[in-house]
Structures are given as structure tokens and as C-alpha cells.
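Visitor: Quick one, work13.json (JSON, C-alpha atoms):
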[["chain", "number", "residue", "atom", "x", "y", "z"],
["A", 1, "MET", "CA", 40.30, 163.09, 90.21],
["A", 2, "ARG", "CA", 40.51, 159.33, 89.84],
["A", 3, "LEU", "CA", 43.65, 157.52, 90.80],
["A", 4, "PRO", "CA", 44.70, 154.56, 88.67],
["A", 5, "ILE", "CA", 44.03, 151.17, 90.18],
["A", 6, "ARG", "CA", 47.16, 149.15, 90.56],
["A", 7, "VAL", "CA", 46.92, 145.41, 90.02],
["A", 8, "PRO", "CA", 49.74, 143.30, 91.41],
["A", 9, "ALA", "CA", 51.89, 141.81, 88.64],
["A", 10, "THR", "CA", 51.23, 138.31, 89.97],
["A", 11, "ALA", "CA", 47.48, 138.74, 89.47],
["A", 12, "GLY", "CA", 47.98, 139.71, 85.84],
["A", 13, "LEU", "CA", 50.36, 136.78, 85.33],
["A", 14, "ALA", "CA", 47.86, 134.37, 86.86],
["A", 15, "ALA", "CA", 45.11, 135.62, 84.54],
["A", 16, "LEU", "CA", 47.40, 135.29, 81.52],
["A", 17, "THR", "CA", 48.44, 131.76, 82.53],
["A", 18, "ALA", "CA", 44.82, 130.72, 83.00],
["A", 19, "ALA", "CA", 43.97, 132.04, 79.54],
["A", 20, "ALA", "CA", 46.93, 130.18, 78.00],
["A", 21, "CYS", "CA", 45.59, 126.84, 79.29],
["A", 22, "PHE", "CA", 42.25, 127.33, 77.56],
["A", 23, "ALA", "CA", 41.47, 124.76, 74.88],
["A", 24, "ALA", "CA", 39.52, 126.02, 71.87],
["A", 25, "GLU", "CA", 37.17, 123.75, 69.98],
["A", 26, "PRO", "CA", 39.34, 121.63, 67.63],
["A", 27, "ALA", "CA", 38.13, 121.33, 64.03],
["A", 28, "LEU", "CA", 38.61, 117.55, 64.19],
["A", 29, "GLU", "CA", 35.27, 115.74, 64.11],
["A", 30, "PRO", "CA", 34.55, 113.16, 66.82],
["A", 31, "GLY", "CA", 34.24, 109.62, 65.51],
["A", 32, "LEU", "CA", 36.07, 106.37, 64.83],
["A", 33, "TYR", "CA", 39.69, 106.91, 63.73],
["A", 34, "GLU", "CA", 42.32, 104.64, 62.27],
["A", 35, "VAL", "CA", 45.71, 105.82, 63.57],
["A", 36, "GLU", "CA", 49.07, 104.75, 62.18],
["A", 37, "VAL", "CA", 51.71, 104.86, 64.93],
["A", 38, "ARG", "CA", 55.45, 104.96, 64.16],
["A", 39, "ILE", "CA", 58.32, 105.01, 66.63],
["A", 40, "ALA", "CA", 61.63, 106.73, 65.84],
["A", 41, "LEU", "CA", 64.92, 106.66, 67.74],
["A", 42, "PRO", "CA", 67.78, 109.03, 66.92],
["A", 43, "ASN", "CA", 70.37, 107.45, 64.60],
["A", 44, "VAL", "CA", 68.41, 104.17, 64.30],
["A", 45, "LEU", "CA", 66.71, 103.15, 61.06],
["A", 46, "ASN", "CA", 63.58, 101.00, 61.08],
["A", 47, "VAL", "CA", 63.04, 100.73, 64.82],
["A", 48, "ALA", "CA", 59.79, 98.80, 64.41],
["A", 49, "ALA", "CA", 57.08, 98.31, 61.87],
["A", 50, "PRO", "CA", 54.25, 100.85, 62.13],
["A", 51, "THR", "CA", 51.19, 99.74, 64.06],
["A", 52, "ILE", "CA", 47.55, 100.59, 63.43],
["A", 53, "ALA", "CA", 45.21, 101.53, 66.27],
["A", 54, "THR", "CA", 41.47, 102.06, 65.95],
["A", 55, "ARG", "CA", 40.12, 104.61, 68.42],
["A", 56, "CYS", "CA", 36.79, 106.21, 69.17],
["A", 57, "LEU", "CA", 37.48, 109.90, 69.75],
["A", 58, "THR", "CA", 34.69, 111.69, 71.58],
["A", 59, "ALA", "CA", 34.20, 115.45, 71.84],
["A", 60, "ALA", "CA", 35.42, 115.18, 75.45],
["A", 61, "ASP", "CA", 38.63, 113.39, 74.28],
["A", 62, "LEU", "CA", 39.31, 116.18, 71.79],
["A", 63, "GLN", "CA", 38.58, 118.93, 74.32],
["A", 64, "SER", "CA", 40.81, 117.40, 77.04],
["A", 65, "GLY", "CA", 43.70, 116.26, 74.82],
["A", 66, "GLN", "CA", 43.20, 112.56, 75.57],
["A", 67, "GLY", "CA", 42.46, 112.02, 71.88],
["A", 68, "PHE", "CA", 46.13, 112.74, 71.13],
["A", 69, "SER", "CA", 47.74, 110.69, 73.90],
["A", 70, "VAL", "CA", 50.67, 108.26, 73.62],
["A", 71, "LEU", "CA", 49.53, 105.07, 71.86],
["A", 72, "SER", "CA", 52.72, 102.99, 71.88],
["A", 73, "ASP", "CA", 53.72, 100.68, 74.71],
["A", 74, "ASN", "CA", 55.55, 103.39, 76.60],
["A", 75, "PRO", "CA", 55.59, 104.25, 80.34],
["A", 76, "LEU", "CA", 54.93, 107.93, 79.57],
["A", 77, "LYS", "CA", 51.36, 107.06, 78.52],
["A", 78, "ASN", "CA", 50.54, 106.70, 82.24],
["A", 79, "CYS", "CA", 51.86, 110.16, 83.18],
["A", 80, "PRO", "CA", 49.77, 113.34, 83.37],
["A", 81, "LEU", "CA", 49.08, 115.43, 80.28],
["A", 82, "LEU", "CA", 49.78, 119.11, 81.10],
["A", 83, "ASP", "CA", 49.32, 122.54, 79.50],
["A", 84, "TYR", "CA", 46.98, 121.27, 76.77],
["A", 85, "HIS", "CA", 46.20, 124.01, 74.28],
["A", 86, "ALA", "CA", 44.09, 123.54, 71.15],
["A", 87, "THR", "CA", 43.11, 125.79, 68.30],
["A", 88, "ALA", "CA", 40.92, 124.91, 65.33],
["A", 89, "ASP", "CA", 43.93, 123.46, 63.47],
["A", 90, "SER", "CA", 46.46, 122.42, 66.15],
["A", 91, "ALA", "CA", 46.88, 120.82, 69.55],
["A", 92, "VAL", "CA", 49.93, 120.92, 71.83],
["A", 93, "TYR", "CA", 50.67, 119.61, 75.31],
["A", 94, "ARG", "CA", 53.40, 118.39, 77.65],
["A", 95, "ILE", "CA", 53.79, 115.22, 79.69],
["A", 96, "VAL", "CA", 55.76, 115.23, 82.94],
["A", 97, "CYS", "CA", 56.06, 112.06, 85.00],
["A", 98, "PRO", "CA", 56.31, 112.40, 88.79],
["A", 99, "GLY", "CA", 59.33, 111.41, 90.83],
["A", 100, "PRO", "CA", 63.09, 111.48, 90.49],
["A", 101, "ASN", "CA", 64.61, 111.05, 87.02],
["A", 102, "MET", "CA", 61.22, 111.88, 85.58],
["A", 103, "GLY", "CA", 60.41, 111.25, 81.95],
["A", 104, "HIS", "CA", 58.85, 114.06, 79.95],
["A", 105, "ALA", "CA", 57.49, 114.79, 76.49],
["A", 106, "VAL", "CA", 56.23, 117.54, 74.20],
["A", 107, "ALA", "CA", 53.48, 116.88, 71.65],
["A", 108, "VAL", "CA", 52.47, 118.91, 68.59],
["A", 109, "PHE", "CA", 49.54, 117.90, 66.35],
["A", 110, "GLU", "CA", 48.07, 119.39, 63.17],
["A", 111, "LEU", "CA", 44.30, 118.99, 62.86],
["A", 112, "ALA", "CA", 41.89, 119.02, 59.92],
["A", 113, "PRO", "CA", 38.18, 118.12, 59.95],
["A", 114, "THR", "CA", 38.73, 114.35, 59.44],
["A", 115, "THR", "CA", 42.50, 113.83, 59.81],
["A", 116, "PHE", "CA", 45.30, 114.59, 62.22],
["A", 117, "ARG", "CA", 49.08, 114.22, 62.24],
["A", 118, "GLY", "CA", 51.45, 114.75, 65.11],
["A", 119, "THR", "CA", 54.66, 113.95, 66.91],
["A", 120, "ILE", "CA", 55.27, 113.28, 70.59],
["A", 121, "LYS", "CA", 58.98, 113.83, 71.40],
["A", 122, "MET", "CA", 59.85, 111.90, 74.55],
["A", 123, "ASN", "CA", 62.77, 111.79, 76.97],
["A", 124, "MET", "CA", 62.69, 108.68, 79.12],
["A", 125, "GLY", "CA", 64.26, 110.41, 82.12],
["A", 126, "GLY", "CA", 66.79, 108.35, 84.08],
["A", 127, "LYS", "CA", 67.45, 106.16, 81.04],
["A", 128, "ASN", "CA", 68.80, 109.19, 79.14],
["A", 129, "MET", "CA", 66.98, 107.93, 76.07],
["A", 130, "THR", "CA", 65.00, 109.99, 73.57],
["A", 131, "MET", "CA", 62.43, 108.79, 71.08],
["A", 132, "SER", "CA", 59.50, 110.09, 69.07],
["A", 133, "GLU", "CA", 56.05, 108.72, 68.40],
["A", 134, "MET", "CA", 54.46, 109.88, 65.16],
["A", 135, "GLN", "CA", 50.71, 109.51, 64.69],
["A", 136, "ALA", "CA", 48.64, 109.91, 61.53],
["A", 137, "GLY", "CA", 44.90, 109.44, 61.96],
["A", 138, "ARG", "CA", 41.95, 109.46, 59.60],
["A", 139, "ARG", "CA", 38.25, 109.29, 60.38],
["A", 140, "ILE", "CA", 36.68, 106.02, 59.21],
["A", 141, "GLY", "CA", 33.14, 106.45, 60.53],
["A", 142, "GLU", "CA", 31.01, 106.78, 63.62],
["A", 143, "CYS", "CA", 31.96, 105.23, 66.94],
["A", 144, "ARG", "CA", 30.35, 101.85, 67.54]]
For this file, write the structure as C-alpha cells.
Guide:
Amino acid sequence: MRLPIRVPATAGLAALTAAACFAAEPALEPGLYEVEVRIALPNVLNVAAPTIATRCLTAADLQSGQGFSVLSDNPLKNCPLLDYHATADSAVYRIVCPGPNMGHAVAVFELAPTTFRGTIKMNMGGKNMTMSEMQAGRRIGECR
């Protein structure tokens, strides 16, 4: 008679957590992208005119999440990107800055073969200020 093997609950949780951090291959093609960046503040109309950024997105950028990072002049762009998870048609991650009164953010992006659209909702920490960065990118060619 075989006795069932008991696995500690923490081991199963660790395996599940490791699987949740896995990033699938996004459908977005690597290449040169033109990205429109808009900033929004709650209850404020027309915060700033949209800006256009041109970025070369490599396969490594798409696999790591760096292809969807903060593009505006914002201190959160220097903080670590955590819990990146990608599927063929979406990418999500968190940002958590170190230290007291830390800023943090949550990002959600929709992906297609040559376009992406997403929002990064940010809380500036000790400043008690919230804002969002919206990005809309389209592939314009090969990286130079």
C-alpha cells in the first residue's frame, strides 16, 4: 500500500508564485515604435500636451517589460519593475520604489502585432498625488 506524499503548503505556493511571474511571448513585433504619451491628473483637464517618443523595442525589452516602462519625466521611471506578466495580447506589471513614503504604480497594456496601448496608474508616495500615463504605440519600421 502506498501512502500519499504530503507536500508542504508553502512549497506549492512557491511553485504557483514562480509560475505567475512567467512572461509569455508577447505578440508585439520588435522594431521601431512611435509612442504617444499623455499624462492625466484626477480632476484636471489638459495637464500637458501629448508628447511623442520614438523607441527601438527589442525582443529582450518585450520579454522583460522594459518596452512598456514609464516614458514621462517622472521619478517612478527609476524604480524597479516587479511582477511582470505577459500573454500574447496583454502585459501587466507593478512598480514599487524603495524607502519610506514609497511611490508605486500598476501598469496594464493591450498588445497587437504592431500596436500597443496602455495605462500606468501612479501614486507618488509621500506627495499623496496620483496620476496616470497613457501610451499608444505603433510600429514604424525596423530599429536603426
Visitor: Between atom CA of Asp73 of chain A and atom CA of Thr115 of chain A, what is the distance in Å, rounded to a tenth?
Guide: 22.8 Å
Visitor: Any idea what the distance is between atom CA of Gly118 of chain A and atom CA of Ala136 of chain A?
Guide: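 Going from atom CA of Gly118 of chain A over to atom CA of Ala136 of chain A, I get 6.6 Å.
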Visitor: In Å, how far is it from atom CA of Tyr84 of chain A to atom CA of Gly65 of chain A?
Guide: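 Value for the atom CA of Tyr84 of chain A-atom CA of Gly65 of chain A distance: 6.3 Å.
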Visitor: Could you pull the residues within 12 Å of segment 30-42 of chain A, counting only C-alpha atoms, minus those fewer than 4 positions along the same chain, as a PyMOL selection string?
Guide: chain A and resi 25-26+46-63+67-74+112-124+129-144
Visitor: Enclose segment 70-79 of chain A, meaning all of its atoms listed in the file, in a box aligned along x, y and z, pad it by 6 Å on each side, and list the centre and edge lengths in Å to one decimal, as JSON.
Guide:
{"center_x": 52.6, "center_y": 105.4, "center_z": 77.5, "size_x": 18.1, "size_y": 21.5, "size_z": 23.3}
Visitor: Determine, counting all atoms listed in the file, which protein, DNA and RNA residues have an atom within 8 Å of an atom of Cys97 of chain A; residues of the same chain fewer than 6 positions away are not included. Present the result as a PyMOL selection string.
Guide: chain A and resi 76+79-80+103-104
Visitor: Given only C-alpha atoms as the basis, pick out the residue of A:Asn78, A:Gln66, A:Asn43, A:Asn128 nearest to Tyr93 of chain A.
Guide: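 Closest candidate: A:Gln66.
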